[in-house]
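Colleague: work-v9.cif is reproduced below (mmCIF, C-alpha atoms and all ligand atoms).
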data_final
loop_
_atom_site.group_PDB
_atom_site.id
_atom_site.type_symbol
_atom_site.label_atom_id
_atom_site.label_comp_id
_atom_site.auth_asym_id
_atom_site.auth_seq_id
_atom_site.Cartn_x
_atom_site.Cartn_y
_atom_site.Cartn_z
ATOM 1 C CA MET L 18 74.960 59.141 -79.981
ATOM 2 C CA ALA L 19 71.936 56.865 -80.056
ATOM 3 C CA ASP L 20 68.659 58.562 -80.830
ATOM 4 C CA SER L 21 67.165 56.906 -77.764
ATOM 5 C CA HIS L 22 68.285 59.598 -75.352
ATOM 6 C CA HIS L 23 65.734 62.033 -74.157
ATOM 7 C CA ALA L 24 66.446 65.339 -72.513
ATOM 8 C CA ASN L 25 66.122 63.668 -69.103
ATOM 9 C CA GLY L 26 68.898 61.228 -69.997
ATOM 10 C CA HIS L 27 66.655 58.155 -69.754
ATOM 11 C CA GLY L 28 66.420 55.611 -72.517
ATOM 12 C CA SER L 29 63.320 55.204 -74.604
ATOM 13 C CA ASN L 30 61.111 52.147 -74.300
ATOM 14 C CA GLY L 31 60.672 52.060 -78.020
ATOM 15 C CA HIS L 32 57.177 53.548 -77.942
ATOM 16 C CA ALA L 33 58.317 57.130 -78.099
ATOM 17 C CA HIS L 34 57.394 59.053 -81.223
ATOM 18 C CA GLY L 35 60.550 59.582 -83.264
ATOM 19 C CA ALA L 36 61.090 61.544 -86.460
ATOM 20 C CA GLU L 37 59.024 59.893 -89.175
ATOM 21 C CA PRO L 38 60.635 59.323 -92.552
ATOM 22 C CA ALA L 39 59.732 62.116 -95.007
ATOM 23 C CA ALA L 40 57.773 59.767 -97.275
ATOM 24 C CA LYS L 41 56.353 56.791 -95.417
ATOM 25 C CA PRO L 42 57.151 53.668 -97.413
ATOM 26 C CA ASP L 43 54.685 50.781 -97.773
ATOM 27 C CA THR L 44 57.504 48.393 -97.012
ATOM 28 C CA PHE L 45 61.180 48.609 -96.163
ATOM 29 C CA GLU L 46 64.154 46.296 -96.478
ATOM 30 C CA VAL L 47 66.079 44.708 -93.617
ATOM 31 C CA ARG L 48 69.408 42.995 -94.220
ATOM 32 C CA ILE L 49 70.420 40.588 -91.480
ATOM 33 C CA LEU L 50 73.738 38.827 -90.968
ATOM 34 C CA ARG L 51 72.695 35.324 -89.988
ATOM 35 C CA GLN L 52 74.612 32.404 -88.542
ATOM 36 C CA ASP L 53 73.021 29.026 -87.907
ATOM 37 C CA ALA L 54 75.225 27.882 -85.019
ATOM 38 C CA PRO L 55 78.460 28.758 -83.164
ATOM 39 C CA GLY L 56 81.487 28.629 -85.448
ATOM 40 C CA GLU L 57 79.383 28.279 -88.622
ATOM 41 C CA PRO L 58 79.897 30.700 -91.527
ATOM 42 C CA SER L 59 77.646 33.739 -91.543
ATOM 43 C CA TYR L 60 75.507 34.896 -94.481
ATOM 44 C CA TRP L 61 73.370 37.905 -95.347
ATOM 45 C CA GLU L 62 69.641 37.536 -95.755
ATOM 46 C CA ARG L 63 67.192 40.177 -96.893
ATOM 47 C CA HIS L 64 63.650 40.628 -95.566
ATOM 48 C CA THR L 65 60.865 42.935 -96.682
ATOM 49 C CA VAL L 66 58.811 44.329 -93.825
ATOM 50 C CA LYS L 67 55.476 46.152 -94.010
ATOM 51 C CA TYR L 68 55.912 49.675 -92.660
ATOM 52 C CA GLU L 69 53.990 50.683 -89.532
ATOM 53 C CA SER L 70 54.611 53.859 -87.587
ATOM 54 C CA ASP L 71 56.450 53.768 -84.240
ATOM 55 C CA MET L 72 58.167 50.418 -84.757
ATOM 56 C CA ASN L 73 61.416 49.600 -83.033
ATOM 57 C CA VAL L 74 63.925 47.026 -84.259
ATOM 58 C CA ILE L 75 62.524 44.370 -81.891
ATOM 59 C CA SER L 76 59.048 44.740 -83.418
ATOM 60 C CA VAL L 77 60.648 44.456 -86.874
ATOM 61 C CA LEU L 78 62.376 41.234 -85.813
ATOM 62 C CA GLN L 79 59.086 39.886 -84.435
ATOM 63 C CA ARG L 80 57.412 40.420 -87.812
ATOM 64 C CA ILE L 81 60.374 38.882 -89.655
ATOM 65 C CA ALA L 82 60.304 35.836 -87.378
ATOM 66 C CA ALA L 83 56.541 35.421 -87.769
ATOM 67 C CA LYS L 84 56.766 35.531 -91.584
ATOM 68 C CA ALA L 85 59.979 33.457 -91.797
ATOM 69 C CA THR L 86 60.225 34.205 -95.524
ATOM 70 C CA SER L 87 63.057 36.115 -97.168
ATOM 71 C CA SER L 88 62.525 38.975 -99.648
ATOM 72 C CA GLU L 89 63.106 36.435 -102.436
ATOM 73 C CA GLY L 90 60.123 34.430 -101.156
ATOM 74 C CA LYS L 91 62.221 31.616 -99.700
ATOM 75 C CA ARG L 92 60.989 30.007 -96.469
ATOM 76 C CA VAL L 93 63.708 30.433 -93.831
ATOM 77 C CA ALA L 94 64.208 29.551 -90.186
ATOM 78 C CA PRO L 95 62.961 32.338 -87.896
ATOM 79 C CA VAL L 96 65.713 34.818 -87.028
ATOM 80 C CA ALA L 97 67.008 34.559 -83.435
ATOM 81 C CA TRP L 98 67.670 37.595 -81.249
ATOM 82 C CA ASP L 99 67.808 38.383 -77.555
ATOM 83 C CA CYS L 100 65.789 40.898 -75.552
ATOM 84 C CA ASN L 101 64.321 41.291 -72.134
ATOM 85 C CA CYS L 102 63.434 44.654 -70.557
ATOM 86 C CA LEU L 103 62.478 46.496 -73.774
ATOM 87 C CA GLU L 104 63.447 49.785 -72.146
ATOM 88 C CA GLU L 105 67.235 49.990 -72.498
ATOM 89 C CA VAL L 106 67.960 48.645 -69.053
ATOM 90 C CA CYS L 107 69.108 45.028 -69.469
ATOM 91 C CA GLY L 108 71.489 45.301 -72.435
ATOM 92 C CA ALA L 109 70.412 41.899 -73.815
ATOM 93 C CA CYS L 110 69.224 43.239 -77.171
ATOM 94 C CA THR L 111 72.512 44.932 -78.103
ATOM 95 C CA MET L 112 73.551 44.514 -81.743
ATOM 96 C CA VAL L 113 75.132 46.485 -84.576
ATOM 97 C CA ILE L 114 72.431 48.488 -86.366
ATOM 98 C CA ASN L 115 73.422 50.352 -89.535
ATOM 99 C CA GLY L 116 77.038 50.004 -88.449
ATOM 100 C CA LYS L 117 76.517 51.352 -84.944
ATOM 101 C CA VAL L 118 76.453 49.264 -81.775
ATOM 102 C CA ARG L 119 73.310 49.968 -79.756
ATOM 103 C CA GLN L 120 70.189 48.488 -78.184
ATOM 104 C CA SER L 121 67.611 47.254 -80.654
ATOM 105 C CA CYS L 122 64.699 47.948 -78.291
ATOM 106 C CA SER L 123 65.409 51.680 -78.401
ATOM 107 C CA ALA L 124 66.357 51.828 -82.083
ATOM 108 C CA LEU L 125 63.330 53.401 -83.736
ATOM 109 C CA VAL L 126 62.559 52.480 -87.319
ATOM 110 C CA ASP L 127 61.306 55.925 -88.315
ATOM 111 C CA LYS L 128 64.610 57.482 -87.288
ATOM 112 C CA LEU L 129 66.652 54.705 -88.910
ATOM 113 C CA LEU L 130 64.786 55.101 -92.210
ATOM 114 C CA THR L 131 65.119 58.883 -92.078
ATOM 115 C CA ASP L 132 68.885 58.518 -91.763
ATOM 116 C CA HIS L 133 69.191 55.608 -94.199
ATOM 117 C CA PRO L 134 66.059 55.056 -96.309
ATOM 118 C CA ALA L 135 67.467 52.223 -98.425
ATOM 119 C CA GLU L 136 67.467 49.572 -95.713
ATOM 120 C CA ILE L 137 68.143 48.689 -92.099
ATOM 121 C CA GLU L 138 71.200 46.513 -91.554
ATOM 122 C CA LEU L 139 71.404 44.247 -88.497
ATOM 123 C CA GLN L 140 74.522 42.379 -87.384
ATOM 124 C CA PRO L 141 75.495 40.640 -84.162
ATOM 125 C CA MET L 142 78.217 42.280 -82.068
ATOM 126 C CA THR L 143 81.604 41.271 -83.458
ATOM 127 C CA LYS L 144 83.563 40.951 -80.184
ATOM 128 C CA PHE L 145 81.534 38.056 -78.769
ATOM 129 C CA PRO L 146 80.962 34.556 -80.155
ATOM 130 C CA VAL L 147 77.692 34.194 -82.033
ATOM 131 C CA VAL L 148 75.266 31.691 -80.537
ATOM 132 C CA ARG L 149 72.792 32.069 -83.392
ATOM 133 C CA ASP L 150 71.980 34.959 -85.749
ATOM 134 C CA LEU L 151 71.893 38.118 -83.612
ATOM 135 C CA VAL L 152 72.352 36.316 -80.282
ATOM 136 C CA VAL L 153 75.873 36.467 -78.863
ATOM 137 C CA ASP L 154 77.496 34.931 -75.803
ATOM 138 C CA ARG L 155 78.485 37.809 -73.494
ATOM 139 C CA GLY L 156 79.922 35.401 -70.901
ATOM 140 C CA ARG L 157 83.363 37.002 -71.043
ATOM 141 C CA LEU L 158 81.875 40.363 -70.116
ATOM 142 C CA PHE L 159 80.384 38.865 -66.921
ATOM 143 C CA ARG L 160 83.563 36.911 -66.181
ATOM 144 C CA ALA L 161 85.472 40.228 -66.168
ATOM 145 C CA LEU L 162 83.056 41.574 -63.536
ATOM 146 C CA GLN L 163 83.773 38.464 -61.493
ATOM 147 C CA LYS L 164 87.519 38.926 -61.947
ATOM 148 C CA VAL L 165 87.478 42.488 -60.599
ATOM 149 C CA ASN L 166 85.114 41.587 -57.703
ATOM 150 C CA ALA L 167 82.413 43.947 -58.925
ATOM 151 C CA TRP L 168 80.227 43.474 -55.847
ATOM 152 C CA ILE L 169 80.305 43.992 -52.099
ATOM 153 C CA PRO L 170 80.663 40.692 -50.246
ATOM 154 C CA VAL L 171 78.311 40.044 -47.339
ATOM 155 C CA ASP L 172 78.806 37.346 -44.737
ATOM 156 C CA GLY L 173 75.132 36.445 -44.504
ATOM 157 C CA TYR L 174 71.629 37.607 -45.314
ATOM 158 C CA TYR L 175 70.545 38.453 -41.759
ATOM 159 C CA ASP L 176 69.880 42.087 -40.843
ATOM 160 C CA LEU L 177 73.296 43.704 -40.752
ATOM 161 C CA GLY L 178 71.970 46.998 -39.435
ATOM 162 C CA PRO L 179 72.437 50.320 -41.139
ATOM 163 C CA GLY L 180 75.443 50.569 -43.414
ATOM 164 C CA PRO L 181 77.823 53.500 -43.470
ATOM 165 C CA LYS L 182 76.456 56.766 -44.841
ATOM 166 C CA VAL L 183 77.602 57.550 -48.354
ATOM 167 C CA PRO L 184 78.434 61.262 -48.670
ATOM 168 C CA ALA L 185 76.473 63.128 -51.340
ATOM 169 C CA SER L 186 79.707 64.011 -53.145
ATOM 170 C CA ILE L 187 80.464 60.274 -53.563
ATOM 171 C CA GLN L 188 76.869 59.457 -54.520
ATOM 172 C CA GLU L 189 77.102 61.998 -57.326
ATOM 173 C CA GLN L 190 80.135 60.201 -58.712
ATOM 174 C CA THR L 191 78.918 56.644 -58.197
ATOM 175 C CA TYR L 192 75.313 56.915 -59.388
ATOM 176 C CA PRO L 193 76.228 57.332 -63.075
ATOM 177 C CA LEU L 194 78.573 54.321 -62.836
ATOM 178 C CA SER L 195 75.807 52.215 -61.277
ATOM 179 C CA GLU L 196 73.721 52.649 -64.444
ATOM 180 C CA CYS L 197 75.914 50.200 -66.379
ATOM 181 C CA MET L 198 73.692 47.500 -67.929
ATOM 182 C CA SER L 199 76.547 45.216 -69.074
ATOM 183 C CA CYS L 200 75.453 45.708 -72.669
ATOM 184 C CA GLY L 201 78.927 45.400 -74.216
ATOM 185 C CA CYS L 202 78.810 48.515 -76.437
ATOM 186 C CA CYS L 203 82.039 49.802 -74.856
ATOM 187 C CA LEU L 204 83.737 46.478 -75.614
ATOM 188 C CA GLU L 205 82.469 46.336 -79.183
ATOM 189 C CA ALA L 206 84.000 49.781 -79.827
ATOM 190 C CA CYS L 207 87.296 49.175 -78.011
ATOM 191 C CA PRO L 208 90.314 48.477 -80.245
ATOM 192 C CA GLN L 209 92.033 46.668 -77.374
ATOM 193 C CA TYR L 210 89.154 44.264 -76.740
ATOM 194 C CA LEU L 211 89.662 41.379 -79.129
ATOM 195 C CA LYS L 212 87.225 38.569 -79.795
ATOM 196 C CA VAL L 213 87.924 35.270 -78.057
ATOM 197 C CA GLU L 214 86.027 32.251 -79.353
ATOM 198 C CA LEU L 215 86.657 28.837 -77.874
ATOM 199 C CA VAL L 216 85.038 25.514 -78.657
ATOM 200 C CA ARG L 217 84.586 22.556 -76.373
ATOM 201 C CA ASP L 218 87.059 19.814 -77.189
ATOM 202 C CA GLU L 219 85.836 16.319 -77.849
ATOM 203 C CA GLY L 220 85.653 14.432 -74.570
ATOM 204 C CA GLU L 221 86.126 17.619 -72.526
ATOM 205 C CA THR L 222 83.708 17.843 -69.607
ATOM 206 C CA GLU L 223 81.533 20.941 -69.241
ATOM 207 C CA GLU L 224 83.431 21.781 -66.026
ATOM 208 C CA ALA L 225 86.839 21.493 -67.699
ATOM 209 C CA TYR L 226 85.596 23.590 -70.634
ATOM 210 C CA GLN L 227 84.305 26.322 -68.312
ATOM 211 C CA ALA L 228 87.601 26.334 -66.393
ATOM 212 C CA ARG L 229 89.577 26.636 -69.638
ATOM 213 C CA LYS L 230 87.288 29.414 -70.839
ATOM 214 C CA ASN L 231 87.657 31.354 -67.582
ATOM 215 C CA LYS L 232 91.438 30.977 -67.629
ATOM 216 C CA THR L 233 91.579 32.329 -71.190
ATOM 217 C CA PHE L 234 89.149 35.156 -70.455
ATOM 218 C CA ASP L 235 91.167 36.123 -67.365
ATOM 219 C CA SER L 236 94.291 36.600 -69.456
ATOM 220 C CA GLU L 237 92.521 38.936 -71.913
ATOM 221 C CA PHE L 238 91.587 42.614 -71.495
ATOM 222 C CA VAL L 239 88.857 43.103 -68.879
ATOM 223 C CA GLY L 240 87.347 46.089 -70.689
ATOM 224 C CA ALA L 241 86.110 49.536 -69.737
ATOM 225 C CA HIS L 242 82.882 48.298 -68.103
ATOM 226 C CA ALA L 243 84.793 46.168 -65.566
ATOM 227 C CA ILE L 244 87.310 48.918 -64.804
ATOM 228 C CA SER L 245 84.435 51.313 -64.165
ATOM 229 C CA GLN L 246 82.548 48.845 -61.952
ATOM 230 C CA ALA L 247 85.703 48.216 -59.907
ATOM 231 C CA MET L 248 85.911 51.975 -59.295
ATOM 232 C CA LEU L 249 82.212 52.101 -58.389
ATOM 233 C CA PHE L 250 82.642 49.515 -55.628
ATOM 234 C CA ASN L 251 85.974 50.951 -54.453
ATOM 235 C CA MET L 252 84.276 54.303 -53.873
ATOM 236 C CA HIS L 253 81.612 52.752 -51.642
ATOM 237 C CA PRO L 254 82.594 52.880 -47.944
ATOM 238 C CA THR L 255 81.864 49.154 -47.477
ATOM 239 C CA GLY L 256 83.211 48.159 -50.876
ATOM 240 C CA ALA L 257 86.437 50.050 -50.096
ATOM 241 C CA MET L 258 87.303 47.284 -47.616
ATOM 242 C CA ASN L 259 88.079 45.061 -50.619
ATOM 243 C CA ALA L 260 89.575 47.815 -52.760
ATOM 244 C CA GLY L 261 92.951 46.093 -52.789
ATOM 245 C CA ASP L 262 91.520 42.915 -54.362
ATOM 246 C CA ARG L 263 89.971 44.929 -57.176
ATOM 247 C CA LEU L 264 93.159 46.890 -57.798
ATOM 248 C CA GLU L 265 95.119 43.647 -57.760
ATOM 249 C CA ALA L 266 92.819 42.282 -60.496
ATOM 250 C CA LEU L 267 93.223 45.485 -62.494
ATOM 251 C CA THR L 268 97.016 45.232 -62.404
ATOM 252 C CA ALA L 269 97.050 41.541 -63.370
ATOM 253 C CA GLU L 270 97.332 40.235 -66.927
ATOM 254 C CA GLY L 271 94.565 41.744 -69.071
ATOM 255 C CA GLY L 272 94.212 44.644 -66.654
ATOM 256 C CA ILE L 273 94.161 48.396 -67.072
ATOM 257 C CA GLN L 274 97.624 48.473 -68.656
ATOM 258 C CA VAL L 275 96.049 47.051 -71.847
ATOM 259 C CA CYS L 276 93.856 50.148 -72.282
ATOM 260 C CA GLY L 277 95.306 52.313 -75.045
ATOM 261 C CA ASN L 278 93.179 55.320 -74.047
ATOM 262 C CA ALA L 279 91.490 55.429 -77.467
ATOM 263 C CA GLN L 280 88.319 56.693 -75.709
ATOM 264 C CA ASN L 281 85.985 54.899 -78.128
ATOM 265 C CA CYS L 282 84.247 53.300 -75.161
ATOM 266 C CA VAL L 283 82.987 56.532 -73.651
ATOM 267 C CA ALA L 284 81.690 57.696 -77.034
ATOM 268 C CA VAL L 285 79.373 54.697 -77.493
ATOM 269 C CA CYS L 286 78.121 54.024 -73.962
ATOM 270 C CA PRO L 287 74.317 54.353 -74.155
ATOM 271 C CA LYS L 288 74.210 55.260 -70.464
ATOM 272 C CA ARG L 289 76.807 57.990 -70.970
ATOM 273 C CA ILE L 290 78.928 56.554 -68.196
ATOM 274 C CA PRO L 291 82.113 58.605 -67.741
ATOM 275 C CA LEU L 292 84.293 55.609 -68.580
ATOM 276 C CA THR L 293 87.466 57.568 -69.263
ATOM 277 C CA THR L 294 87.125 59.247 -65.856
ATOM 278 C CA SER L 295 86.869 55.761 -64.300
ATOM 279 C CA ILE L 296 89.875 54.601 -66.340
ATOM 280 C CA ALA L 297 91.941 57.616 -65.223
ATOM 281 C CA ARG L 298 90.894 57.023 -61.616
ATOM 282 C CA ALA L 299 91.788 53.338 -61.889
ATOM 283 C CA GLY L 300 95.140 54.261 -63.444
ATOM 284 C CA ARG L 301 96.024 56.465 -60.467
ATOM 285 C CA ALA L 302 94.727 53.950 -57.910
ATOM 286 C CA THR L 303 96.585 50.997 -59.440
ATOM 287 C CA THR L 304 99.844 52.982 -59.627
ATOM 288 C CA LEU L 305 99.513 53.878 -55.954
ATOM 289 C CA HIS L 306 98.597 50.283 -55.114
ATOM 290 C CA THR L 307 101.694 48.970 -56.912
ATOM 291 C CA LEU L 308 103.976 51.535 -55.248
ATOM 292 C CA LYS L 309 102.575 50.632 -51.833
ATOM 293 C CA LYS L 310 103.259 46.957 -52.562
ATOM 294 C CA TRP L 311 106.867 47.730 -53.556
ATOM 295 C CA PHE L 312 107.449 49.645 -50.371
ATOM 296 C CA GLY L 313 105.621 47.051 -48.295
ATOM 297 C CA GLY L 314 102.711 49.394 -47.455
HETATM 298 S S1 LIG L 401 89.876 54.067 -73.516
HETATM 299 FE FE1 LIG L 401 90.659 51.987 -73.136
HETATM 300 S S2 LIG L 401 88.826 50.785 -72.726
HETATM 301 FE FE2 LIG L 401 88.148 52.684 -73.744
HETATM 302 S S3 LIG L 401 88.079 52.165 -75.919
HETATM 303 FE FE3 LIG L 401 90.067 52.999 -75.478
HETATM 304 S S4 LIG L 401 91.379 51.237 -75.117
HETATM 305 FE FE4 LIG L 401 89.275 50.567 -74.906
HETATM 306 S S1 LIG L 402 79.817 50.884 -69.526
HETATM 307 FE FE1 LIG L 402 78.174 51.560 -70.893
HETATM 308 S S2 LIG L 402 78.625 50.591 -72.857
HETATM 309 FE FE2 LIG L 402 79.832 49.525 -71.300
HETATM 310 S S3 LIG L 402 78.612 47.785 -70.684
HETATM 311 FE FE3 LIG L 402 78.139 49.457 -69.252
HETATM 312 S S4 LIG L 402 76.351 50.498 -70.139
HETATM 313 FE FE4 LIG L 402 77.230 49.218 -71.745
HETATM 314 S S1 LIG L 403 65.683 44.596 -74.213
HETATM 315 FE FE1 LIG L 403 66.867 46.262 -74.954
HETATM 316 S S2 LIG L 403 68.044 46.845 -73.249
HETATM 317 FE FE2 LIG L 403 66.771 45.328 -72.443
#
Could you rewrite the structure in this file as structure tokens?
Ligand code: SF4
Ligand code: SF4
Ligand code: FES
Modeller:
Amino acid sequence: MADSHHANGHGSNGHAHGAEPAAKPDTFEVRILRQDAPGEPSYWERHTVKYESDMNVISVLQRIAAKATSSEGKRVAPVAWDCNCLEEVCGACTMVINGKVRQSCSALVDKLLTDHPAEIELQPMTKFPVVRDLVVDRGRLFRALQKVNAWIPVDGYYDLGPGPKVPASIQEQTYPLSECMSCGCCLEACPQYLKVELVRDEGETEEAYQARKNKTFDSEFVGAHAISQAMLFNMHPTGAMNAGDRLEALTAEGGIQVCGNAQNCVAVCPKRIPLTTSIARAGRATTLHTLKKWFGG
């Protein structure tokens, strides 16, 4: 499990004091898998970074980008990466660090060097197309949320009055699911979630390309995050009104039947979301939904 978890279960903002490496080095090595553009070949590049205490991987990347010079002294284009909240809430900075998928904002250098003093290795997630260097396109992840209707529709933004009360027993089950930050760790670890990379054809309009992408994404596995979000909204008294639509999406091509129950997803979720509980719940609900359909219920 990521070292970013504190006893209270909240992620670190990267400023927490982690275990310092036994002997503080003057510098340390960072190996980055780079890629100049979508579909281009990737290549490893090594950078030497001056050690400072309490760095996280984002601060390392900032220094690497500012120097833009490899360990061999070659001037290089600044490395690209994504980040936003810097406190393990948005999921944008997710990448593979020393072989483990996690958020770079909460990956502390001291801890990484304690575990692996030789170097820190950074790679983009492998299940999403690379945009550049460590930046990936997680569009398919969001498309899956769209497919399973992971929201509660409203018919306007006027005051609708108080909503139905959510019993405490339901709140206890739904709150952990609501912590999902769409980071993609569960998809990176899932053996059933395979990379889909499409390119825009010559002469294809942006609209036609998007439509083709969505059609392809919709035929592929939705992933544990989407299954769990469908269960979250089905448990809500208002969301339950559209429960059938979500179950329909989960029984369609690329739905829950693709899950092989390998349980890798639950092991890597940085928010410790009980994904296999959601998957089991979705399995029961979709079976019931299908039976009801057969018997015209
Ligand atoms: S339990 Fe299902 S969703 Fe989770 S890793 Fe396994 S196959 Fe993927
Ligand atoms: S379920 Fe967990 S691992 Fe998957 S996207 Fe949500 S927060 Fe990330
Ligand atoms: S920047 Fe790391 S999770 Fe938001």
Colleague: Pick the closest to ligand LIG 402 (chain L) from L:Glu214, L:Glu270, L:Glu105, L:Asp71: which is it, counting all atoms listed in the file?
Modeller: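 Among the listed residues, the smallest separation from ligand LIG 402 (chain L) belongs to L:Glu105.
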Colleague: Once the PyMOL selection byres (((chain L and resi 286-302) around 6) and not hetatm) has been evaluated on this model, what residues remain selected, and can you format them as a list in words?
Modeller: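 What the PyMOL selection byres (((chain L and resi 286-302) around 6) and not hetatm) grabs from the file is Pro193, Leu194, Cys203, Ser245, Val283, Ala284, Val285, Thr303, Thr304 and Leu305 of chain L.
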Colleague: Can I get the selected residues back with C-alpha atoms, as a PDB file, in the frame of the given file?
Modeller:
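Dumped everything to again_9.pdb:
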ATOM      1  CA  PRO L 193      76.228  57.332 -63.075  1.00  0.00           C
ATOM      2  CA  LEU L 194      78.573  54.321 -62.836  1.00  0.00           C
ATOM      3  CA  CYS L 203      82.039  49.802 -74.856  1.00  0.00           C
ATOM      4  CA  SER L 245      84.435  51.313 -64.165  1.00  0.00           C
ATOM      5  CA  VAL L 283      82.987  56.532 -73.651  1.00  0.00           C
ATOM      6  CA  ALA L 284      81.690  57.696 -77.034  1.00  0.00           C
ATOM      7  CA  VAL L 285      79.373  54.697 -77.493  1.00  0.00           C
ATOM      8  CA  THR L 303      96.585  50.997 -59.440  1.00  0.00           C
ATOM      9  CA  THR L 304      99.844  52.982 -59.627  1.00  0.00           C
ATOM     10  CA  LEU L 305      99.513  53.878 -55.954  1.00  0.00           C
TER      11      LEU L 305
END
Colleague: Kindly compute an axis-aligned box around the listed atoms of ligand LIG 401 (chain L), allowing 5 Å on each side, and express its centre and edge lengths in Å to one decimal as AutoDock Vina command-line options.
Modeller:
--center_x 89.7 --center_y 52.3 --center_z -74.3 --size_x 13.3 --size_y 13.5 --size_z 13.2
Colleague: Evaluate the PyMOL selection byres (((not hetatm)) within 7 of (chain L and resi 401)) and record the selected residues as an MDAnalysis selection string, following the chain and residue labels used in the document.
Modeller: chainID L and resid 203:204 206:210 240:241 276:283 293
Colleague: Keeping only C-alpha atoms, write the selected residues as a short mmCIF file (atom, residue, chain, number, x, y, z; two decimals), in the frame of the given file.
Modeller:
data_model
loop_
_atom_site.label_atom_id
_atom_site.label_comp_id
_atom_site.auth_asym_id
_atom_site.auth_seq_id
_atom_site.Cartn_x
_atom_site.Cartn_y
_atom_site.Cartn_z
CA CYS L 203 82.04 49.80 -74.86
CA LEU L 204 83.74 46.48 -75.61
CA ALA L 206 84.00 49.78 -79.83
CA CYS L 207 87.30 49.18 -78.01
CA PRO L 208 90.31 48.48 -80.24
CA GLN L 209 92.03 46.67 -77.37
CA TYR L 210 89.15 44.26 -76.74
CA GLY L 240 87.35 46.09 -70.69
CA ALA L 241 86.11 49.54 -69.74
CA CYS L 276 93.86 50.15 -72.28
CA GLY L 277 95.31 52.31 -75.04
CA ASN L 278 93.18 55.32 -74.05
CA ALA L 279 91.49 55.43 -77.47
CA GLN L 280 88.32 56.69 -75.71
CA ASN L 281 85.98 54.90 -78.13
CA CYS L 282 84.25 53.30 -75.16
CA VAL L 283 82.99 56.53 -73.65
CA THR L 293 87.47 57.57 -69.26
#
Colleague: Please compute the atom CA of L:His242-atom CA of L:Cys197 distance, one decimal, in Å.
Modeller: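 Separation of atom CA of L:His242 and atom CA of L:Cys197: 7.4 Å.
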Colleague: Mind telling me what the PyMOL selection byres (((chain L and resi 213) around 8) and not hetatm) catches here, as a PyMOL selection string?
Modeller: chain L and resi 144-146+211-212+214-215+234
Colleague: Please identify all polymer residues within 12 Å of L:Ala54, counting all atoms listed in the file, omitting same-chain residues fewer than 4 positions from it, and present them as a ChimeraX atom specification.
Modeller: /L:58-60,96-97,146-154,216
Colleague: Please build the interface table for chain L against ligand LIG 403 (chain L) with a cut-off of 8 Å, listing for each qualifying residue the nearest atom pair and the distance in Å to one decimal; count all atoms listed in the file, order rows by chain and increasing number, and write it as a tab-separated table.
Modeller:
residue	atom	partner	partner_atom	distance
L:Asp99	CA	L:LIG403	S1	7.4
L:Cys100	CA	L:LIG403	S1	3.9
L:Asn101	CA	L:LIG403	S1	4.1
L:Cys102	CA	L:LIG403	FE2	3.9
L:Leu103	CA	L:LIG403	S1	3.8
L:Glu104	CA	L:LIG403	S2	5.6
L:Glu105	CA	L:LIG403	S2	3.3
L:Val106	CA	L:LIG403	S2	4.6
L:Cys107	CA	L:LIG403	FE2	3.8
L:Gly108	CA	L:LIG403	S2	3.9
L:Ala109	CA	L:LIG403	FE2	5.2
L:Cys110	CA	L:LIG403	FE1	4.4
L:Thr111	CA	L:LIG403	FE1	6.6
L:Gln120	CA	L:LIG403	FE1	5.1
L:Ser121	CA	L:LIG403	FE1	5.8
L:Cys122	CA	L:LIG403	FE1	4.3
L:Ser123	CA	L:LIG403	FE1	6.6
L:Met198	CA	L:LIG403	S2	7.8
L:Cys200	CA	L:LIG403	S2	7.5
Colleague: Just to confirm, what's the straight-line distance from atom CA of L:Leu162 to atom FE2 of ligand LIG 402 (chain L) in Å (one decimal)?
Modeller: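 Going from atom CA of L:Leu162 over to atom FE2 of ligand LIG 402 (chain L), I get 11.6 Å.
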Colleague: Please measure the separation of atom CA of L:Met72 and atom CA of L:Gln140, giving the value in Å to one decimal.
Modeller: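 According to the coordinates, atom CA of L:Met72 and atom CA of L:Gln140 are separated by 18.4 Å.
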Colleague: Measuring atom to atom with all atoms listed in the file, identify which of L:Ile273, L:Leu78, L:Met252, L:Met142 is nearest to L:Ile169.
Modeller: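 Closest residue, counting all atoms listed in the file: L:Met252.
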Colleague: Compare L:Lys182, L:Arg119, L:Arg160, L:His253 by their minimum atom-to-atom distance to L:Gly201, counting all atoms listed in the file, and give me the closest one.
Modeller: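 Of all the options, L:Arg119 lies closest to L:Gly201.
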Colleague: Compile the contact shell of L:Ala167 as a CSV table (one decimal) with C-alpha atoms, keeping the file's coordinate frame: residues with an atom at most 8 Å away, counting all atoms listed in the file, same-chain residues fewer than 6 positions apart removed.
Modeller:
chain,number,residue,atom,x,y,z
L,243,ALA,CA,84.8,46.2,-65.6
L,246,GLN,CA,82.5,48.8,-62.0
L,247,ALA,CA,85.7,48.2,-59.9
L,250,PHE,CA,82.6,49.5,-55.6
L,263,ARG,CA,90.0,44.9,-57.2
Colleague: Return the single residue from L:Glu136, L:Glu46, L:Glu219, L:Glu205 that is closest to ligand LIG 402 (chain L), with distances computed using only C-alpha atoms and all ligand atoms.
Modeller: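 The closest residue to ligand LIG 402 (chain L) is L:Glu205.
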Colleague: Name the residues in contact with L:Glu69 at a cut-off of 12 Å, using all atoms listed in the file, excluding same-chain residues fewer than 6 positions from it; report them as a PyMOL selection string.
Modeller: chain L and resi 37-38+41-45+76-77+80+125-127+130
Colleague: May I ask which of the residues L:His133, L:Arg155, L:Lys128, L:Lys91 is the closest one to ligand LIG 402 (chain L), counting all atoms listed in the file?
Modeller: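 Closest to ligand LIG 402 (chain L), using all atoms listed in the file: L:Arg155.
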Colleague: Would you mind telling me which residue in L:Val171, L:Ala161, L:Ile49, L:Val183 lies nearest to L:Pro141 when using only C-alpha atoms?
Modeller: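 Looking at the shortest contact to L:Pro141, the residue is L:Ile49.
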